[in-house]
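Visitor: What follows is the file work_13.pdb, containing PDB, C-alpha atoms and all ligand atoms:
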ATOM      1  CA  MET N 827      35.260 118.146  28.995
ATOM      2  CA  PRO N 828      35.186 121.136  26.645
ATOM      3  CA  SER N 829      35.516 120.144  23.019
ATOM      4  CA  PRO N 830      38.927 120.926  21.525
ATOM      5  CA  VAL N 831      39.200 124.188  19.634
ATOM      6  CA  ARG N 832      39.144 123.278  15.969
ATOM      7  CA  GLN N 833      41.920 125.203  14.318
ATOM      8  CA  LYS N 834      41.957 126.053  10.663
ATOM      9  CA  PRO N 835      44.734 124.456   8.624
ATOM     10  CA  VAL N 836      47.689 126.707   7.857
ATOM     11  CA  TYR N 837      49.619 126.453   4.561
ATOM     12  CA  ARG N 838      52.644 128.325   3.343
ATOM     13  CA  PHE N 839      54.515 129.001   0.152
ATOM     14  CA  ALA N 840      58.186 129.654   0.917
ATOM     15  CA  PRO N 841      60.247 130.841  -2.059
ATOM     16  CA  SER N 842      63.814 132.130  -1.896
ATOM     17  CA  PRO N 843      64.434 135.464  -3.658
ATOM     18  CA  ASN N 844      67.631 134.240  -5.289
ATOM     19  CA  GLY N 845      66.200 133.908  -8.782
ATOM     20  CA  ALA N 846      63.014 134.466 -10.756
ATOM     21  CA  LEU N 847      59.939 132.348 -10.044
ATOM     22  CA  HIS N 848      59.220 129.770 -12.745
ATOM     23  CA  LEU N 849      56.471 127.291 -13.584
ATOM     24  CA  GLY N 850      57.588 124.935 -10.794
ATOM     25  CA  HIS N 851      56.949 127.677  -8.246
ATOM     26  CA  ALA N 852      53.605 128.444  -9.867
ATOM     27  CA  LEU N 853      52.495 124.826  -9.413
ATOM     28  CA  SER N 854      53.510 124.888  -5.746
ATOM     29  CA  ALA N 855      51.838 128.212  -5.085
ATOM     30  CA  PHE N 856      48.609 127.209  -6.911
ATOM     31  CA  LEU N 857      48.417 123.863  -5.091
ATOM     32  CA  ASN N 858      48.848 125.558  -1.721
ATOM     33  CA  HIS N 859      46.284 128.180  -2.588
ATOM     34  CA  ASP N 860      43.776 125.609  -3.907
ATOM     35  CA  MET N 861      44.100 123.527  -0.737
ATOM     36  CA  VAL N 862      43.620 126.612   1.398
ATOM     37  CA  ARG N 863      40.362 127.285  -0.458
ATOM     38  CA  GLU N 864      39.133 123.692  -0.216
ATOM     39  CA  ASN N 865      39.897 123.463   3.485
ATOM     40  CA  SER N 866      39.069 127.038   4.553
ATOM     41  CA  GLY N 867      42.654 127.468   5.687
ATOM     42  CA  HIS N 868      45.168 130.246   6.013
ATOM     43  CA  PHE N 869      47.709 130.986   3.277
ATOM     44  CA  LEU N 870      51.042 132.412   4.378
ATOM     45  CA  LEU N 871      53.944 133.554   2.244
ATOM     46  CA  ARG N 872      57.422 133.219   3.688
ATOM     47  CA  ILE N 873      60.499 134.757   2.125
ATOM     48  CA  GLU N 874      63.445 132.394   2.647
ATOM     49  CA  ASP N 875      66.276 134.887   2.354
ATOM     50  CA  ILE N 876      68.900 133.624   4.783
ATOM     51  CA  ASP N 877      71.476 133.592   2.006
ATOM     52  CA  GLN N 878      72.102 137.325   1.900
ATOM     53  CA  THR N 879      74.761 136.949  -0.779
ATOM     54  CA  ARG N 880      72.268 135.656  -3.354
ATOM     55  CA  CYS N 881      68.922 137.155  -2.320
ATOM     56  CA  THR N 882      68.052 140.673  -3.468
ATOM     57  CA  PRO N 883      65.221 143.154  -2.764
ATOM     58  CA  GLU N 884      64.456 143.247  -6.508
ATOM     59  CA  LEU N 885      63.946 139.481  -6.659
ATOM     60  CA  GLU N 886      61.793 139.653  -3.529
ATOM     61  CA  GLN N 887      59.624 142.348  -5.123
ATOM     62  CA  ALA N 888      59.381 140.198  -8.255
ATOM     63  CA  ILE N 889      57.945 137.364  -6.113
ATOM     64  CA  TYR N 890      55.170 139.642  -4.816
ATOM     65  CA  ASP N 891      54.507 140.867  -8.368
ATOM     66  CA  ASP N 892      54.393 137.366  -9.881
ATOM     67  CA  LEU N 893      52.159 135.914  -7.158
ATOM     68  CA  GLY N 894      49.873 138.946  -7.253
ATOM     69  CA  TRP N 895      49.575 138.575 -11.027
ATOM     70  CA  LEU N 896      48.641 134.912 -10.596
ATOM     71  CA  GLY N 897      45.757 136.122  -8.430
ATOM     72  CA  LEU N 898      47.016 134.716  -5.131
ATOM     73  CA  GLU N 899      46.327 136.402  -1.829
ATOM     74  CA  TRP N 900      48.394 135.860   1.279
ATOM     75  CA  GLU N 901      48.162 137.046   4.849
ATOM     76  CA  LYS N 902      50.287 139.919   6.077
ATOM     77  CA  PRO N 903      52.819 140.485   7.476
ATOM     78  CA  VAL N 904      55.043 138.282   5.376
ATOM     79  CA  ARG N 905      57.711 136.518   7.407
ATOM     80  CA  ARG N 906      61.183 137.289   6.071
ATOM     81  CA  GLN N 907      63.798 134.933   7.432
ATOM     82  CA  SER N 908      66.516 137.589   7.411
ATOM     83  CA  GLU N 909      64.571 139.369  10.181
ATOM     84  CA  HIS N 910      64.626 136.336  12.473
ATOM     85  CA  PHE N 911      68.234 135.228  12.744
ATOM     86  CA  ASP N 912      68.082 135.423  16.550
ATOM     87  CA  GLU N 913      65.307 132.793  16.605
ATOM     88  CA  TYR N 914      67.400 130.373  14.537
ATOM     89  CA  ARG N 915      70.381 131.111  16.770
ATOM     90  CA  THR N 916      68.342 130.135  19.839
ATOM     91  CA  ALA N 917      67.456 126.828  18.206
ATOM     92  CA  LEU N 918      71.101 126.244  17.251
ATOM     93  CA  ASP N 919      72.263 127.080  20.792
ATOM     94  CA  ARG N 920      69.909 124.456  22.114
ATOM     95  CA  LEU N 921      71.480 121.790  19.895
ATOM     96  CA  VAL N 922      74.989 122.966  20.810
ATOM     97  CA  GLU N 923      74.155 122.844  24.527
ATOM     98  CA  ALA N 924      72.795 119.323  24.100
ATOM     99  CA  ASP N 925      76.161 118.457  22.511
ATOM    100  CA  LEU N 926      74.432 117.530  19.252
ATOM    101  CA  ALA N 927      76.198 120.115  17.092
ATOM    102  CA  TYR N 928      79.851 120.876  16.485
ATOM    103  CA  PRO N 929      81.833 123.650  14.794
ATOM    104  CA  ALA N 930      82.886 122.658  11.267
ATOM    105  CA  PHE N 931      85.995 124.399   9.999
ATOM    106  CA  LEU N 932      86.556 122.806   6.582
ATOM    107  CA  SER N 933      85.941 125.099   3.627
ATOM    108  CA  ARG N 934      84.056 123.810   0.584
ATOM    109  CA  GLY N 935      87.372 123.500  -1.248
ATOM    110  CA  GLU N 936      88.993 121.502   1.565
ATOM    111  CA  THR N 937      86.027 119.156   1.725
ATOM    112  CA  LYS N 938      86.141 118.616  -2.034
ATOM    113  CA  ALA N 939      89.885 117.925  -1.921
ATOM    114  CA  ILE N 940      89.422 115.276   0.796
ATOM    115  CA  VAL N 941      86.686 113.558  -1.207
ATOM    116  CA  ARG N 942      88.679 113.756  -4.427
ATOM    117  CA  ALA N 943      91.807 112.284  -2.836
ATOM    118  CA  PHE N 944      89.756 109.435  -1.370
ATOM    119  CA  GLU N 945      88.016 108.664  -4.659
ATOM    120  CA  ALA N 946      91.294 108.882  -6.588
ATOM    121  CA  GLU N 947      92.192 105.632  -4.836
ATOM    122  CA  GLY N 948      89.219 103.957  -6.430
ATOM    123  CA  ARG N 949      87.039 104.056  -3.321
ATOM    124  CA  LEU N 950      83.591 105.617  -3.185
ATOM    125  CA  TRP N 951      82.996 108.427  -0.701
ATOM    126  CA  PRO N 952      79.495 108.122   0.852
ATOM    127  CA  ARG N 953      76.890 110.462  -0.626
ATOM    128  CA  ASP N 954      73.539 111.822   0.548
ATOM    129  CA  PRO N 955      70.218 111.151  -1.258
ATOM    130  CA  ASP N 956      70.844 114.226  -3.447
ATOM    131  CA  GLY N 957      74.248 112.877  -4.467
ATOM    132  CA  ALA N 958      76.361 115.324  -2.457
ATOM    133  CA  PRO N 959      79.331 113.914  -0.523
ATOM    134  CA  LEU N 960      78.788 113.544   3.219
ATOM    135  CA  TYR N 961      80.805 115.903   5.400
ATOM    136  CA  PRO N 962      84.142 114.381   6.478
ATOM    137  CA  ALA N 963      84.471 113.227  10.091
ATOM    138  CA  ILE N 964      87.543 115.366  10.891
ATOM    139  CA  ASP N 965      85.717 118.158  12.708
ATOM    140  CA  ARG N 966      83.367 115.810  14.522
ATOM    141  CA  GLN N 967      86.331 113.864  15.857
ATOM    142  CA  ARG N 968      88.435 116.911  16.726
ATOM    143  CA  PRO N 969      89.515 116.948  20.377
ATOM    144  CA  GLN N 970      87.612 119.433  22.527
ATOM    145  CA  ALA N 971      90.729 121.481  23.364
ATOM    146  CA  GLU N 972      91.607 121.933  19.699
ATOM    147  CA  ARG N 973      88.035 122.914  18.922
ATOM    148  CA  ALA N 974      88.075 125.536  21.672
ATOM    149  CA  GLU N 975      91.396 126.876  20.432
ATOM    150  CA  LEU N 976      90.147 127.219  16.847
ATOM    151  CA  LEU N 977      86.974 128.940  18.021
ATOM    152  CA  ALA N 978      88.953 131.307  20.242
ATOM    153  CA  SER N 979      91.230 132.180  17.327
ATOM    154  CA  GLY N 980      88.178 133.395  15.401
ATOM    155  CA  ARG N 981      88.513 130.791  12.628
ATOM    156  CA  GLN N 982      85.518 130.867  10.268
ATOM    157  CA  HIS N 983      83.205 127.943  10.843
ATOM    158  CA  ALA N 984      79.792 126.514  10.243
ATOM    159  CA  TRP N 985      77.829 124.415  12.740
ATOM    160  CA  ARG N 986      76.860 120.867  11.840
ATOM    161  CA  LEU N 987      74.594 118.322  13.423
ATOM    162  CA  ASP N 988      76.310 115.270  14.874
ATOM    163  CA  MET N 989      73.939 112.960  13.047
ATOM    164  CA  GLU N 990      74.941 109.734  14.753
ATOM    165  CA  LYS N 991      74.531 111.212  18.206
ATOM    166  CA  ALA N 992      71.273 112.912  17.247
ATOM    167  CA  VAL N 993      69.772 109.692  15.913
ATOM    168  CA  ARG N 994      70.870 107.903  19.081
ATOM    169  CA  THR N 995      68.695 110.229  21.183
ATOM    170  CA  LEU N 996      65.558 108.914  19.478
ATOM    171  CA  HIS N 997      63.591 106.319  21.371
ATOM    172  CA  SER N 998      61.670 105.018  18.399
ATOM    173  CA  LYS N 999      61.498 105.241  14.632
ATOM    174  CA  LEU N1000      60.495 108.591  13.147
ATOM    175  CA  PHE N1001      57.706 108.977  10.594
ATOM    176  CA  TRP N1002      55.965 111.744   8.696
ATOM    177  CA  ARG N1003      52.480 111.905   7.236
ATOM    178  CA  GLU N1004      52.610 112.192   3.440
ATOM    179  CA  SER N1005      49.797 112.763   0.951
ATOM    180  CA  GLY N1006      51.752 113.796  -2.147
ATOM    181  CA  ASP N1007      52.276 112.501  -5.678
ATOM    182  CA  GLY N1008      54.754 109.750  -4.752
ATOM    183  CA  GLN N1009      54.696 107.401  -1.772
ATOM    184  CA  THR N1010      51.896 108.263   0.649
ATOM    185  CA  GLY N1011      50.897 107.363   4.199
ATOM    186  CA  GLU N1012      53.252 107.169   7.152
ATOM    187  CA  ILE N1013      56.770 107.459   5.710
ATOM    188  CA  GLU N1014      59.724 106.382   7.785
ATOM    189  CA  ALA N1015      62.254 109.210   8.120
ATOM    190  CA  LEU N1016      65.855 108.108   7.545
ATOM    191  CA  PRO N1017      67.899 111.186   8.485
ATOM    192  CA  ALA N1018      71.173 109.261   8.921
ATOM    193  CA  LEU N1019      71.481 109.054   5.119
ATOM    194  CA  TRP N1020      72.273 112.788   5.107
ATOM    195  CA  GLY N1021      75.275 112.696   7.432
ATOM    196  CA  ASP N1022      76.216 115.744   9.485
ATOM    197  CA  VAL N1023      73.901 118.319   7.919
ATOM    198  CA  VAL N1024      74.700 121.995   8.189
ATOM    199  CA  LEU N1025      72.810 124.057  10.783
ATOM    200  CA  SER N1026      74.434 127.416  10.253
ATOM    201  CA  ARG N1027      76.983 128.544   7.686
ATOM    202  CA  SER N1028      80.072 130.634   8.045
ATOM    203  CA  ASP N1029      78.445 133.233   5.763
ATOM    204  CA  ALA N1030      74.832 132.892   7.004
ATOM    205  CA  PRO N1031      73.694 132.509  10.595
ATOM    206  CA  SER N1032      71.306 129.661   9.810
ATOM    207  CA  SER N1033      70.740 126.931   7.262
ATOM    208  CA  TYR N1034      67.695 126.070   5.219
ATOM    209  CA  HIS N1035      67.007 122.964   7.310
ATOM    210  CA  LEU N1036      67.149 124.734  10.652
ATOM    211  CA  SER N1037      65.171 127.809   9.687
ATOM    212  CA  VAL N1038      62.465 125.861   7.860
ATOM    213  CA  VAL N1039      61.579 123.766  10.919
ATOM    214  CA  VAL N1040      61.745 126.734  13.285
ATOM    215  CA  ASP N1041      59.523 128.821  11.014
ATOM    216  CA  ASP N1042      57.004 126.095  10.252
ATOM    217  CA  ALA N1043      56.542 125.681  14.009
ATOM    218  CA  LEU N1044      56.505 129.390  14.892
ATOM    219  CA  GLN N1045      53.986 130.101  12.153
ATOM    220  CA  GLY N1046      51.779 127.200  13.178
ATOM    221  CA  ILE N1047      52.040 125.555   9.757
ATOM    222  CA  THR N1048      49.866 122.430   9.678
ATOM    223  CA  HIS N1049      50.446 121.464   6.019
ATOM    224  CA  VAL N1050      53.658 121.732   4.025
ATOM    225  CA  VAL N1051      53.014 121.518   0.281
ATOM    226  CA  ARG N1052      56.208 121.646  -1.771
ATOM    227  CA  GLY N1053      58.112 119.963  -4.588
ATOM    228  CA  MET N1054      59.190 116.337  -4.635
ATOM    229  CA  ASP N1055      62.829 117.477  -4.625
ATOM    230  CA  LEU N1056      62.444 117.996  -0.863
ATOM    231  CA  PHE N1057      60.821 114.610  -0.139
ATOM    232  CA  ASN N1058      63.997 112.951   1.187
ATOM    233  CA  ALA N1059      65.124 116.034   3.098
ATOM    234  CA  THR N1060      61.909 115.803   5.116
ATOM    235  CA  ALA N1061      63.727 113.165   7.179
ATOM    236  CA  ILE N1062      66.131 115.871   8.387
ATOM    237  CA  HIS N1063      63.228 118.152   9.189
ATOM    238  CA  ARG N1064      61.467 115.453  11.220
ATOM    239  CA  LEU N1065      64.650 114.796  13.177
ATOM    240  CA  LEU N1066      65.181 118.492  13.945
ATOM    241  CA  GLN N1067      61.532 118.833  14.977
ATOM    242  CA  GLN N1068      62.013 115.949  17.367
ATOM    243  CA  LEU N1069      65.248 117.336  18.823
ATOM    244  CA  LEU N1070      63.736 120.813  19.278
ATOM    245  CA  ASP N1071      60.291 119.652  20.483
ATOM    246  CA  LEU N1072      58.510 121.200  17.514
ATOM    247  CA  PRO N1073      55.168 119.873  16.238
ATOM    248  CA  PRO N1074      55.415 118.122  12.847
ATOM    249  CA  PRO N1075      53.129 119.345  10.063
ATOM    250  CA  ALA N1076      51.661 116.979   7.473
ATOM    251  CA  TYR N1077      53.530 116.912   4.164
ATOM    252  CA  HIS N1078      52.462 116.855   0.526
ATOM    253  CA  HIS N1079      55.320 116.624  -1.988
ATOM    254  CA  HIS N1080      54.055 117.301  -5.465
ATOM    255  CA  ARG N1081      55.389 116.323  -8.886
ATOM    256  CA  LEU N1082      58.048 118.567 -10.382
ATOM    257  CA  ILE N1083      57.730 120.500 -13.605
ATOM    258  CA  LEU N1084      60.596 119.410 -15.807
ATOM    259  CA  GLY N1085      62.369 121.393 -18.484
ATOM    260  CA  ALA N1086      62.743 120.294 -22.115
ATOM    261  CA  ASP N1087      65.897 118.387 -21.102
ATOM    262  CA  GLY N1088      63.895 116.350 -18.572
ATOM    263  CA  ARG N1089      65.600 118.023 -15.621
ATOM    264  CA  LYS N1090      64.174 120.052 -12.772
ATOM    265  CA  LEU N1091      63.677 123.712 -13.719
ATOM    266  CA  SER N1092      66.336 126.052 -12.478
ATOM    267  CA  LYS N1093      65.978 129.681 -11.570
ATOM    268  CA  SER N1094      67.959 130.772 -14.585
ATOM    269  CA  GLU N1095      65.550 129.061 -16.981
ATOM    270  CA  GLY N1096      64.258 132.208 -18.660
ATOM    271  CA  SER N1097      61.667 130.590 -20.924
ATOM    272  CA  THR N1098      59.685 129.171 -18.008
ATOM    273  CA  GLY N1099      60.060 132.275 -15.831
ATOM    274  CA  LEU N1100      56.680 133.704 -14.852
ATOM    275  CA  ALA N1101      57.661 137.277 -15.681
ATOM    276  CA  ALA N1102      58.846 136.194 -19.145
ATOM    277  CA  LEU N1103      55.610 134.285 -19.764
ATOM    278  CA  ARG N1104      53.593 137.288 -18.610
ATOM    279  CA  ALA N1105      55.557 139.541 -20.990
ATOM    280  CA  GLU N1106      54.770 137.090 -23.796
ATOM    281  CA  GLY N1107      51.075 137.684 -23.176
ATOM    282  CA  LYS N1108      50.199 134.533 -21.215
ATOM    283  CA  THR N1109      47.375 134.849 -18.695
ATOM    284  CA  PRO N1110      47.179 133.335 -15.190
ATOM    285  CA  SER N1111      44.755 130.698 -16.589
ATOM    286  CA  ASP N1112      47.347 129.816 -19.237
ATOM    287  CA  ILE N1113      49.870 129.304 -16.424
ATOM    288  CA  ARG N1114      47.450 126.978 -14.615
ATOM    289  CA  ARG N1115      47.074 124.938 -17.781
ATOM    290  CA  LEU N1116      50.819 124.937 -18.413
ATOM    291  CA  VAL N1117      51.446 123.365 -14.994
ATOM    292  CA  GLY N1118      48.729 120.779 -15.556
ATOM    293  CA  LEU N1119      45.976 122.230 -13.371
ATOM    294  CA  LEU N1120      42.433 122.931 -14.513
TER     295      LEU N1120
HETATM  296  N1  LIG Z   1      62.801 127.933  -0.001
HETATM  297  C1  LIG Z   1      62.720 126.641  -0.612
HETATM  298  C2  LIG Z   1      62.826 126.791  -2.109
HETATM  299  O1  LIG Z   1      62.644 127.873  -2.637
HETATM  300  C3  LIG Z   1      61.418 125.909  -0.287
HETATM  301  C4  LIG Z   1      61.441 125.351   1.050
HETATM  302  C5  LIG Z   1      60.195 124.606   1.496
HETATM  303  O2  LIG Z   1      59.116 124.718   0.907
HETATM  304  O3  LIG Z   1      60.329 123.925   2.512
HETATM  305  O4  LIG Z   1      63.103 125.815  -2.772
END
Written as structure tokens, that's how I'd like the structure from this file.
Guide:
Amino acid sequence: MPSPVRQKPVYRFAPSPNGALHLGHALSAFLNHDMVRENSGHFLLRIEDIDQTRCTPELEQAIYDDLGWLGLEWEKPVRRQSEHFDEYRTALDRLVEADLAYPAFLSRGETKAIVRAFEAEGRLWPRDPDGAPLYPAIDRQRPQAERAELLASGRQHAWRLDMEKAVRTLHSKLFWRESGDGQTGEIEALPALWGDVVLSRSDAPSSYHLSVVVDDALQGITHVVRGMDLFNATAIHRLLQQLLDLPPPAYHHHRLILGADGRKLSKSEGSTGLAALRAEGKTPSDIRRLVGLL
């Protein structure tokens, strides 16, 4: 038997150009880059710009500038999600054909109103691990004929995963391999906690969850290194990988850099923005120290 080809590990840093990079991004990018060095791997940069209403060419250029200044080198060409909508559509079609996705017609406002009315009666609407209300069952339970009519009328809609049905297709428990700063080892994925997650939006032909699993597979990513804020969402990614026959990478969710108020940094946090720190005269080594790396 020929020995298996030993492939080099493939890492990626996947920012969204909808705000300026801050110290949290720097930690992620440095960790990826350091692991690439230690393991003689590949380092890819992916621009997650499916939300065309918030992403701009200027912010994308700022990402290249900031990462270049930090001394990071990535392989070209860079994958930009906005250039691959047809690939996400193919993945969505597969889930629709398998009857695992349904058109969701409720607007954000309508969803909020339903939740508010329910909670006004002193009952608690179920929430996902991030605290967001689960999507109401109305569209999932809509009769087929009504669904077809609404679609034919051109009503704006998203597509959502029928979580219960999707979980029922699994023959065994799902796990992912984790080596990060929290729980490690084989982690059981519990996607049902997220309810009917969105697969494509009415204003964007894909969702973060769908495009991230498609891209990680298409780019041959073997190791996903990202912030702890995405630890729980990994359950959704494992489920989608299973439904779409995509190979699961290993995961490493790292600690988050918190702001002075103890909360996760946001993109509008000017004082921790890399460009602002650079303008103040900080060096890339200062940034490493600031994020707790040697
Ligand atoms: N684009 C996501 C973000 O900027 C990261 C997604 C990921 O690493 O899976 O938060």
Visitor: Using only C-alpha atoms and all ligand atoms, which residues of the polymer chains come no farther than 9 Å from ligand LIG 1 (chain Z)? I'd like the answer as a PDB file with C-alpha atoms, in the coordinates of the input.
Guide:
ATOM      1  CA  ARG N 838      52.644 128.325   3.343  1.00  0.00           C
ATOM      2  CA  PHE N 839      54.515 129.001   0.152  1.00  0.00           C
ATOM      3  CA  ALA N 840      58.186 129.654   0.917  1.00  0.00           C
ATOM      4  CA  PRO N 841      60.247 130.841  -2.059  1.00  0.00           C
ATOM      5  CA  SER N 842      63.814 132.130  -1.896  1.00  0.00           C
ATOM      6  CA  PRO N 843      64.434 135.464  -3.658  1.00  0.00           C
ATOM      7  CA  ASN N 844      67.631 134.240  -5.289  1.00  0.00           C
ATOM      8  CA  HIS N 851      56.949 127.677  -8.246  1.00  0.00           C
ATOM      9  CA  SER N 854      53.510 124.888  -5.746  1.00  0.00           C
ATOM     10  CA  ARG N 872      57.422 133.219   3.688  1.00  0.00           C
ATOM     11  CA  ILE N 873      60.499 134.757   2.125  1.00  0.00           C
ATOM     12  CA  GLU N 874      63.445 132.394   2.647  1.00  0.00           C
ATOM     13  CA  ASP N 875      66.276 134.887   2.354  1.00  0.00           C
ATOM     14  CA  TYR N1034      67.695 126.070   5.219  1.00  0.00           C
ATOM     15  CA  HIS N1035      67.007 122.964   7.310  1.00  0.00           C
ATOM     16  CA  VAL N1038      62.465 125.861   7.860  1.00  0.00           C
ATOM     17  CA  VAL N1039      61.579 123.766  10.919  1.00  0.00           C
ATOM     18  CA  ASP N1042      57.004 126.095  10.252  1.00  0.00           C
ATOM     19  CA  VAL N1050      53.658 121.732   4.025  1.00  0.00           C
ATOM     20  CA  VAL N1051      53.014 121.518   0.281  1.00  0.00           C
ATOM     21  CA  ARG N1052      56.208 121.646  -1.771  1.00  0.00           C
ATOM     22  CA  GLY N1053      58.112 119.963  -4.588  1.00  0.00           C
ATOM     23  CA  ASP N1055      62.829 117.477  -4.625  1.00  0.00           C
ATOM     24  CA  LEU N1056      62.444 117.996  -0.863  1.00  0.00           C
ATOM     25  CA  THR N1060      61.909 115.803   5.116  1.00  0.00           C
TER      26      THR N1060
END
Visitor: Hey, which bits of range 916-948 of chain N sit within 8 Å of range 1070-1074 of chain N, and for each residue what's the closest pair of atoms and how far apart in Å (one decimal), counting all atoms listed in the file, rows by chain and increasing number, as JSON lines?
Guide:
{"residue": "N:Ala917", "atom": "CA", "partner": "N:Leu1070", "partner_atom": "CA", "distance": 7.2}
{"residue": "N:Arg920", "atom": "CA", "partner": "N:Leu1070", "partner_atom": "CA", "distance": 7.7}
{"residue": "N:Leu921", "atom": "CA", "partner": "N:Leu1070", "partner_atom": "CA", "distance": 7.8}
Visitor: Write out the residues from the selection above, keeping C-alpha atoms, as a JSON list (two decimals), keeping the file's coordinate frame.
Guide:
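After the write, selection_16.json holds the following:
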[["chain", "number", "residue", "atom", "x", "y", "z"],
["N", 917, "ALA", "CA", 67.46, 126.83, 18.21],
["N", 920, "ARG", "CA", 69.91, 124.46, 22.11],
["N", 921, "LEU", "CA", 71.48, 121.79, 19.90]]
Visitor: I would like the residues chosen by the PyMOL selection byres (((chain N and resi 918) around 9) and not hetatm) on the shown file; could you give them as a PyMOL selection string?
Guide: chain N and resi 913-917+919-923+927+985+1025-1026+1032+1036
Visitor: One number please: CA of Lys1108 in chain N to CA of Ile889 in chain N, in Å, one decimal.
Guide: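 Spanning CA of Lys1108 in chain N to CA of Ile889 in chain N is a straight-line distance of 17.2 Å.
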Visitor: Looking at all atoms listed in the file, which of N:Leu1019, N:Leu1069, N:Ala943, N:Leu950 is the one that sits closest to Asp925 in chain N?
Guide: N:Leu1069
